[in-house]
Amino acid sequence: MLEACSVTCSKRDRVLFENLSLGVKAGDLLYLRGPNGAGKTSLLRILTGLSVPDTGSVKFAGQDIKAYPSEYYQQLLYLGHKSGTNGSLSALDNLQFWLAQHGVQNNQDRLYEVLAKVGLVGLEDVPVRFLSAGQQRRVALARLWLKRAQVWILDEPFTALDVKGVAMLENAMKVHVESGGVVITTSHQMLSNEAGEHRVFDLEYRF
Amino acid sequence: MWKWLHPYAKTERAYQLCITLQPWFWAGALLCLTVGTVWGLAFAPQDYQQGDSFRIIYIHVPSAILSMGTYVAMAIAALVGMVWQWRTAYMSMIAMAPIGAVMTFIALFTGAAWGKPMWGAWWVWDARLTSELILLFLYMGVIALYGAFEDKQQAGKAAGVMALVGVVNIPIIHYSVEWWNTLHQGATISKFDNPSIAPEMLWPLLINLLGFALFIGAVTTVRLRNEIVLRELHRPWVQALAKQHVEGKR
Amino acid sequence: MSLYTGIFKRDLHIAFKQKAELVQPLMFLLMVVTLFPLGVSPAPETLQRIGPGVIWIAAILSSLLAMERLFRDDFNDGALEQYMLSGMALPAISAVKVAVHWLVSFVPLLVLSPLLAMFLNLTYDMYIALMLTLLLGSPLLSLVGAIAVGLTVGLQKGGVLLALLLIPVFIPLLIFATSAVDSAALQLPYQSQLAIIAAMLLLAAALAPFAIAYSLRVSQN
């Protein structure tokens, strides 16, 4: 479904990876592993199209994402290091605006439902900057249940989450993959059995 | 049509090109500058109005023309880098920038020096001088922006955008400053206007123009070589080259 | 269309939550203008003579300060990344954000301008010319400025670098705007200056959004 064809990435004139090819099909959970500085975040950003690789291309359903971006972005959900929420707006406002931009029909009840599911009952109207780091992460995670997207690209999504949060997220990934979706994720913790079957891809640190 | 240029997208080929061109540029620059400057400063006829002080045009005019020319060349390099994603294009752009700025400074300095014997003031807000000053600011902006980024590829792209914004603005700035000057100075004739120039005066000017252009080329090739080596330090061909140098010295 | 009104509303909403950040550039403008009678001379004729230039220079400097917030928060908290992944056209998003920024910075300036005109002893005709040049020129400042803001948004240092990049580019606007107000002082027509500013504005309106989108992508890399 999604593939990286011979991508090369260099940051600050250091080559992180060269001519790397990677592919995922429906039902795959790909766990990207590697030490700090190996280029995991860079690879994920190239897969989303936010970063341009030095060589190579990324294809979704066989088509280059540069040529047909909107088809890809309709089916993509990306959670990066940054939360994507504005601190002075509430969780509810943030998600409403986000849904509007991504073209998802939104409805207040559903929003409240999902926010309750991620454990933010009573905190929906508070400006996000007053929430703890873990709570802010949960606001970002709420998107997983709000937008139907085939491809999930999650960069260290477990950061700041407590044990229950981690279990909830792993379960969500398993369910998504079982229903035909694709998850590419990276994390410093090992994925537990909650996440189900997964493939591992190791990125090495190049000197 | 531009196929012959494509191999130079690779830093190794560009480096080899610099090595080949360098001696020619230096030799040509030395020759033309010596001939042009000596001819202009010593042998060209005196201007009947301005006497000997006008001789500064043999330095001033070429440097002013080339300061503008180098900026345009920088912008072209930036465009090539943006459209074809060549690393060498961005490296050339930043290799040219400081020498272009120096040319602008020379033009300003010689322009001001020309003013002193004629108008008694070290600096006047003449249209041409003011435009050159603004051009110097544009150069400094591009260089400063490039320096502010850690990742030099990103720096090249950012500085490239500013170079293009600058190049679009140069004609606008030029005409607006000229117009501004007429508003505030009335009908005085700009001292830099040379309505007709005798051929004995023209030749040294053109030779110096060529000389300065070759000089800029020489310095650019040196800077480009350095930039390539610095940025590609990890490449095997650079390592081999460094080894050769070290062994050659022993 | 409703997608873009969504961004419009969001940015407006956020701007009103950050009122302090909006008011500060205006205070700066007022203070800079005040420096001139103090530093040069309070004589009415002098102030009228230098007034147009002073107001425009102060406007340029304060808009440089205000511009920094244009993409900064969205870049830092990742909202910009989400915009880029939403399938919406980045040039259009940039244009909407610049429009909100302009509204939020310009309307207060409009309200403040009679005070500035009074401080610098401008005549009524000069004031009208000043308003027209500000009306046409301030969107130009925002549009072209946003290109440089997009490039520097990822850098930790912003401030002075932004000014160094943009001041040379704003010089033609300064020249034509002050000339228009000076002509108004002499009861001369100034349509040609306004026309030139309008032409620059149209050129910027056509090209700047694409340049801004490219700048934002460069910063994201």
# chains A, B, ... in the order shown; residues from 1 in each chain; ligands from 1
call {"tool": "interface_residues", "arguments": {"of": "chain B", "to": "chain C", "cutoff": "7 Å", "atoms": "only C-alpha atoms", "output": "NGL selection string"}}
result
:B and (134 or 137-138 or 141 or 154 or 157-158 or 169 or 172-173 or 176 or 180)
call {"tool": "interface_residues", "arguments": {"of": "chain A", "to": "chain B", "cutoff": "12 Å", "atoms": "only C-alpha atoms", "output": "ChimeraX atom specification"}}
result
/A:9-16,51-55,206-207
call {"tool": "residues_around", "arguments": {"residues": "region 95-103 of chain C", "least_positions_apart": "4", "cutoff": "7 Å", "atoms": "only C-alpha atoms", "output": "PDB file with N, CA and C atoms, in the first residue's frame"}}
result
ATOM      1  N   TYR C   4     -11.386  27.096   4.215  1.00  0.00           N
ATOM      2  CA  TYR C   4     -10.539  28.260   4.436  1.00  0.00           C
ATOM      3  C   TYR C   4     -11.168  29.215   5.438  1.00  0.00           C
ATOM      4  N   PHE C   8      -9.568  30.857   8.847  1.00  0.00           N
ATOM      5  CA  PHE C   8      -9.780  32.275   9.144  1.00  0.00           C
ATOM      6  C   PHE C   8     -10.310  32.423  10.570  1.00  0.00           C
ATOM      7  N   ASP C  11      -7.659  31.346  13.306  1.00  0.00           N
ATOM      8  CA  ASP C  11      -6.594  32.317  13.530  1.00  0.00           C
ATOM      9  C   ASP C  11      -7.105  33.552  14.236  1.00  0.00           C
ATOM     10  N   LEU C  12      -8.317  33.971  13.881  1.00  0.00           N
ATOM     11  CA  LEU C  12      -8.907  35.140  14.512  1.00  0.00           C
ATOM     12  C   LEU C  12      -9.143  34.850  15.997  1.00  0.00           C
ATOM     13  N   LEU C  70       3.454  35.365  13.023  1.00  0.00           N
ATOM     14  CA  LEU C  70       2.618  34.869  11.929  1.00  0.00           C
ATOM     15  C   LEU C  70       2.576  33.341  11.847  1.00  0.00           C
ATOM     16  N   PRO C  91      -0.429  27.299  -0.443  1.00  0.00           N
ATOM     17  CA  PRO C  91      -0.472  28.730  -0.776  1.00  0.00           C
ATOM     18  C   PRO C  91      -1.762  29.399  -0.306  1.00  0.00           C
ATOM     19  N   VAL C 107      -6.241  47.127  11.364  1.00  0.00           N
ATOM     20  CA  VAL C 107      -7.403  47.864  11.870  1.00  0.00           C
ATOM     21  C   VAL C 107      -7.049  48.704  13.100  1.00  0.00           C
ATOM     22  N   PRO C 139      -0.821  45.698   3.338  1.00  0.00           N
ATOM     23  CA  PRO C 139      -0.915  44.303   2.881  1.00  0.00           C
ATOM     24  C   PRO C 139       0.354  43.859   2.162  1.00  0.00           C
ATOM     25  N   SER C 142       2.801  42.824   4.729  1.00  0.00           N
ATOM     26  CA  SER C 142       2.464  41.512   5.287  1.00  0.00           C
ATOM     27  C   SER C 142       2.775  40.384   4.308  1.00  0.00           C
ATOM     28  N   LEU C 143       2.410  40.565   3.046  1.00  0.00           N
ATOM     29  CA  LEU C 143       2.607  39.496   2.069  1.00  0.00           C
ATOM     30  C   LEU C 143       4.078  39.198   1.837  1.00  0.00           C
ATOM     31  N   PRO C 209       1.913  34.137  -2.120  1.00  0.00           N
ATOM     32  CA  PRO C 209       1.431  32.902  -1.480  1.00  0.00           C
ATOM     33  C   PRO C 209       2.248  31.676  -1.872  1.00  0.00           C
TER      34      PRO C 209
END
call {"tool": "interface_residues", "arguments": {"of": "chain A", "to": "chain C", "cutoff": "6 Å", "atoms": "only C-alpha atoms", "output": "PyMOL selection string"}}
result
chain A and resi 51+70+73+82-85+101-102
call {"tool": "write_last_selection", "arguments": {"atoms": "C-alpha atoms", "output": "short mmCIF file (atom, residue, chain, number, x, y, z; two decimals), in the first residue's frame"}}
result
data_model
loop_
_atom_site.label_atom_id
_atom_site.label_comp_id
_atom_site.auth_asym_id
_atom_site.auth_seq_id
_atom_site.Cartn_x
_atom_site.Cartn_y
_atom_site.Cartn_z
CA SER A 51 10.47 16.05 4.26
CA SER A 70 -4.78 14.57 -1.88
CA TYR A 73 -3.54 12.70 2.66
CA LYS A 82 4.78 17.97 18.15
CA SER A 83 1.20 17.75 19.38
CA GLY A 84 -0.38 19.74 16.58
CA THR A 85 -2.58 21.59 19.03
CA GLN A 101 -9.34 21.12 7.83
CA HIS A 102 -9.06 17.39 7.17
#
call {"tool": "select_by_dssp", "arguments": {"residues": "region 106-138 of chain B", "states": "helix (DSSP H, G or I)", "output": "PyMOL selection string"}}
result
chain B and resi 106-119+127-138
call {"tool": "atom_distance", "arguments": {"atom1": "CA of Ala180 (chain C)", "atom2": "CA of Leu115 (chain C)"}}
result
19.8 Å
call {"tool": "atom_distance", "arguments": {"atom1": "CA of Asp155 (chain A)", "atom2": "CA of Glu204 (chain A)"}}
result
17.2 Å
call {"tool": "residues_around", "arguments": {"residues": "region 91-102 of chain B", "least_positions_apart": "6", "cutoff": "9 Å", "atoms": "only C-alpha atoms", "output": "PyMOL selection string"}}
result
chain B and resi 66-71+73-78+135-140+142-143+146+153+156+159-160+216-217+219-228
call {"tool": "write_last_selection", "arguments": {"atoms": "N, CA, C and O atoms", "output": "short mmCIF file (atom, residue, chain, number, x, y, z; two decimals), in the first residue's frame"}}
result
data_model
loop_
_atom_site.label_atom_id
_atom_site.label_comp_id
_atom_site.auth_asym_id
_atom_site.auth_seq_id
_atom_site.Cartn_x
_atom_site.Cartn_y
_atom_site.Cartn_z
N LEU B 66 29.61 44.55 -12.17
CA LEU B 66 29.75 43.15 -11.76
C LEU B 66 29.07 42.86 -10.44
O LEU B 66 28.67 41.73 -10.19
N SER B 67 28.93 43.89 -9.59
CA SER B 67 28.23 43.62 -8.32
C SER B 67 26.79 43.22 -8.62
O SER B 67 26.25 42.28 -8.05
N MET B 68 26.20 43.91 -9.59
CA MET B 68 24.84 43.58 -10.01
C MET B 68 24.83 42.22 -10.72
O MET B 68 23.96 41.38 -10.49
N GLY B 69 25.84 42.02 -11.58
CA GLY B 69 25.92 40.78 -12.35
C GLY B 69 26.07 39.56 -11.46
O GLY B 69 25.47 38.52 -11.70
N THR B 70 26.90 39.70 -10.41
CA THR B 70 27.09 38.55 -9.51
C THR B 70 25.80 38.23 -8.78
O THR B 70 25.48 37.06 -8.54
N TYR B 71 25.03 39.26 -8.42
CA TYR B 71 23.77 38.99 -7.73
C TYR B 71 22.83 38.21 -8.64
O TYR B 71 22.19 37.24 -8.23
N ALA B 73 23.74 36.30 -11.08
CA ALA B 73 24.30 34.94 -11.21
C ALA B 73 23.91 34.10 -9.99
O ALA B 73 23.57 32.92 -10.11
N MET B 74 23.96 34.73 -8.81
CA MET B 74 23.55 34.04 -7.58
C MET B 74 22.10 33.59 -7.69
O MET B 74 21.75 32.47 -7.30
N ALA B 75 21.26 34.49 -8.20
CA ALA B 75 19.84 34.17 -8.30
C ALA B 75 19.62 33.04 -9.30
O ALA B 75 18.78 32.15 -9.08
N ILE B 76 20.38 33.05 -10.38
CA ILE B 76 20.26 31.97 -11.36
C ILE B 76 20.68 30.64 -10.73
O ILE B 76 20.01 29.61 -10.90
N ALA B 77 21.79 30.68 -9.97
CA ALA B 77 22.24 29.46 -9.29
C ALA B 77 21.15 28.96 -8.33
O ALA B 77 20.88 27.77 -8.24
N ALA B 78 20.51 29.90 -7.63
CA ALA B 78 19.45 29.52 -6.69
C ALA B 78 18.29 28.88 -7.44
O ALA B 78 17.72 27.88 -7.00
N LEU B 135 21.95 47.29 -2.54
CA LEU B 135 22.40 45.99 -3.05
C LEU B 135 23.31 45.31 -2.03
O LEU B 135 23.22 44.10 -1.80
N LEU B 136 24.17 46.10 -1.40
CA LEU B 136 25.04 45.54 -0.36
C LEU B 136 24.19 44.95 0.76
O LEU B 136 24.50 43.86 1.27
N PHE B 137 23.12 45.63 1.14
CA PHE B 137 22.24 45.10 2.19
C PHE B 137 21.61 43.78 1.75
O PHE B 137 21.46 42.85 2.54
N LEU B 138 21.22 43.71 0.47
CA LEU B 138 20.63 42.47 -0.02
C LEU B 138 21.62 41.32 0.07
O LEU B 138 21.29 40.22 0.49
N TYR B 139 22.87 41.59 -0.33
CA TYR B 139 23.92 40.57 -0.20
C TYR B 139 24.06 40.11 1.24
O TYR B 139 24.14 38.93 1.54
N MET B 140 24.15 41.12 2.14
CA MET B 140 24.37 40.78 3.54
C MET B 140 23.22 39.95 4.09
O MET B 140 23.41 39.05 4.90
N VAL B 142 21.32 37.80 2.40
CA VAL B 142 21.44 36.42 1.91
C VAL B 142 22.53 35.67 2.69
O VAL B 142 22.33 34.54 3.13
N ILE B 143 23.68 36.34 2.89
CA ILE B 143 24.78 35.68 3.60
C ILE B 143 24.38 35.39 5.05
O ILE B 143 24.65 34.31 5.59
N TYR B 146 21.92 32.44 5.23
CA TYR B 146 22.62 31.16 5.01
C TYR B 146 23.34 30.73 6.27
O TYR B 146 23.33 29.58 6.65
N GLN B 153 22.10 22.33 3.48
CA GLN B 153 21.23 22.15 2.32
C GLN B 153 19.98 23.00 2.50
O GLN B 153 19.52 23.68 1.59
N GLY B 156 20.86 26.57 1.99
CA GLY B 156 20.92 26.93 0.58
C GLY B 156 19.54 27.24 0.02
O GLY B 156 19.36 28.23 -0.70
N ALA B 159 18.33 30.66 1.59
CA ALA B 159 19.05 31.80 1.03
C ALA B 159 18.67 31.97 -0.44
O ALA B 159 18.61 33.09 -0.95
N GLY B 160 18.39 30.85 -1.11
CA GLY B 160 17.98 30.90 -2.51
C GLY B 160 16.68 31.67 -2.69
O GLY B 160 16.54 32.47 -3.62
N ILE B 216 36.44 37.50 -10.17
CA ILE B 216 35.31 36.94 -9.44
C ILE B 216 35.22 35.44 -9.70
O ILE B 216 34.99 34.65 -8.79
N GLY B 217 35.41 35.06 -10.96
CA GLY B 217 35.39 33.63 -11.30
C GLY B 217 36.45 32.87 -10.52
O GLY B 217 36.18 31.80 -9.98
N VAL B 219 37.99 33.64 -7.64
CA VAL B 219 37.68 33.54 -6.20
C VAL B 219 36.52 32.57 -5.99
O VAL B 219 36.52 31.77 -5.04
N THR B 220 35.53 32.62 -6.87
CA THR B 220 34.38 31.72 -6.74
C THR B 220 34.81 30.27 -6.85
O THR B 220 34.35 29.42 -6.07
N THR B 221 35.69 29.97 -7.79
CA THR B 221 36.11 28.57 -7.93
C THR B 221 36.86 28.12 -6.68
O THR B 221 36.68 26.99 -6.21
N VAL B 222 37.69 29.01 -6.10
CA VAL B 222 38.39 28.64 -4.86
C VAL B 222 37.39 28.35 -3.76
O VAL B 222 37.44 27.34 -3.07
N ARG B 223 36.43 29.28 -3.60
CA ARG B 223 35.44 29.12 -2.54
C ARG B 223 34.58 27.89 -2.78
O ARG B 223 34.22 27.18 -1.83
N LEU B 224 34.24 27.64 -4.04
CA LEU B 224 33.40 26.49 -4.34
C LEU B 224 34.13 25.19 -4.01
O LEU B 224 33.56 24.28 -3.41
N ARG B 225 35.41 25.14 -4.34
CA ARG B 225 36.21 23.97 -3.98
C ARG B 225 36.18 23.73 -2.48
O ARG B 225 35.98 22.62 -2.01
N ASN B 226 36.42 24.81 -1.74
CA ASN B 226 36.42 24.69 -0.28
C ASN B 226 35.07 24.22 0.24
O ASN B 226 34.98 23.35 1.10
N GLU B 227 34.02 24.81 -0.29
CA GLU B 227 32.67 24.47 0.15
C GLU B 227 32.38 23.00 -0.12
O GLU B 227 31.86 22.29 0.73
N ILE B 228 32.77 22.54 -1.32
CA ILE B 228 32.52 21.14 -1.67
C ILE B 228 33.27 20.22 -0.72
O ILE B 228 32.70 19.26 -0.19
#
call {"tool": "residues_around", "arguments": {"residues": "Pro114 (chain C)", "least_positions_apart": "5", "cutoff": "12 Å", "atoms": "only C-alpha atoms", "output": "ChimeraX atom specification"}}
result
/C:30,55,108-109,119-124,126-128,130-131
call {"tool": "select_by_dssp", "arguments": {"residues": "region 54-90 of chain A", "states": "strand (DSSP E)", "output": "list in words"}}
result
Thr55, Gly56, Ser57, Val58, Lys59, Phe60, Gln63, Asp64, Leu76, Leu77, Tyr78 and Leu79 of chain A
call {"tool": "residues_around", "arguments": {"residues": "Ile50 (chain C)", "least_positions_apart": "6", "cutoff": "12 Å", "atoms": "only C-alpha atoms", "output": "ChimeraX atom specification"}}
result
/C:33,36-37,40-44,56-57,117,119-122,126,178-179,181-182,185
call {"tool": "write_last_selection", "arguments": {"atoms": "C-alpha atoms", "output": "short mmCIF file (atom, residue, chain, number, x, y, z; two decimals), in the first residue's frame"}}
result
data_model
loop_
_atom_site.label_atom_id
_atom_site.label_comp_id
_atom_site.auth_asym_id
_atom_site.auth_seq_id
_atom_site.Cartn_x
_atom_site.Cartn_y
_atom_site.Cartn_z
CA VAL C 33 6.86 58.29 16.60
CA PHE C 36 11.14 62.16 16.74
CA PRO C 37 9.81 65.39 18.25
CA VAL C 40 14.79 66.14 16.27
CA SER C 41 12.61 69.11 17.05
CA PRO C 42 9.03 69.75 18.18
CA ALA C 43 8.63 72.67 15.77
CA PRO C 44 5.39 72.13 13.83
CA TRP C 56 5.99 55.02 7.53
CA ILE C 57 9.36 54.06 9.00
CA ALA C 117 -1.25 62.55 12.37
CA PHE C 119 1.31 64.31 16.90
CA LEU C 120 3.19 65.13 13.72
CA ASN C 121 1.06 68.04 12.66
CA LEU C 122 -0.12 66.55 9.38
CA MET C 126 -1.80 64.55 4.15
CA THR C 178 6.19 59.09 1.57
CA SER C 179 6.27 60.78 -1.82
CA VAL C 181 1.96 62.08 1.32
CA ASP C 182 4.49 64.81 0.50
CA ALA C 185 1.04 68.34 1.45
#
call {"tool": "closest_residue", "arguments": {"among": "C:Gln24, C:Ser62, C:Gln193, C:Thr46", "to": "Gly159 (chain C)", "atoms": "only C-alpha atoms"}}
result
C:Ser62
call {"tool": "residues_around", "arguments": {"residues": "Ala116 (chain A)", "least_positions_apart": "4", "cutoff": "12 Å", "atoms": "only C-alpha atoms", "output": "list in words"}}
result
Ala91, Leu92, Asp109, Arg110, Leu111, Tyr112, Leu120, Val121, Gly122, Leu123, Glu124, Gln135, Arg138, Val139, Ala142 and Trp145 of chain A
call {"tool": "write_last_selection", "arguments": {"atoms": "C-alpha atoms", "output": "tab-separated table (two decimals), in the first residue's frame"}}
result
chain	number	residue	atom	x	y	z
A	91	ALA	CA	-9.09	20.39	23.31
A	92	LEU	CA	-12.55	20.58	21.83
A	109	ASP	CA	-21.33	14.34	20.65
A	110	ARG	CA	-18.77	12.21	18.89
A	111	LEU	CA	-16.01	14.57	20.04
A	112	TYR	CA	-17.12	14.34	23.65
A	120	LEU	CA	-10.10	13.56	29.26
A	121	VAL	CA	-13.55	13.81	30.79
A	122	GLY	CA	-14.08	17.27	32.24
A	123	LEU	CA	-10.98	18.68	30.54
A	124	GLU	CA	-12.52	19.27	27.13
A	135	GLN	CA	-2.95	14.73	28.75
A	138	ARG	CA	-4.06	12.11	24.70
A	139	VAL	CA	-5.65	15.08	22.93
A	142	ALA	CA	-7.98	11.41	19.99
A	145	TRP	CA	-10.63	7.62	16.57
call {"tool": "atom_distance", "arguments": {"atom1": "CA of Leu131 (chain A)", "atom2": "CA of Gln105 (chain A)"}}
result
26.3 Å
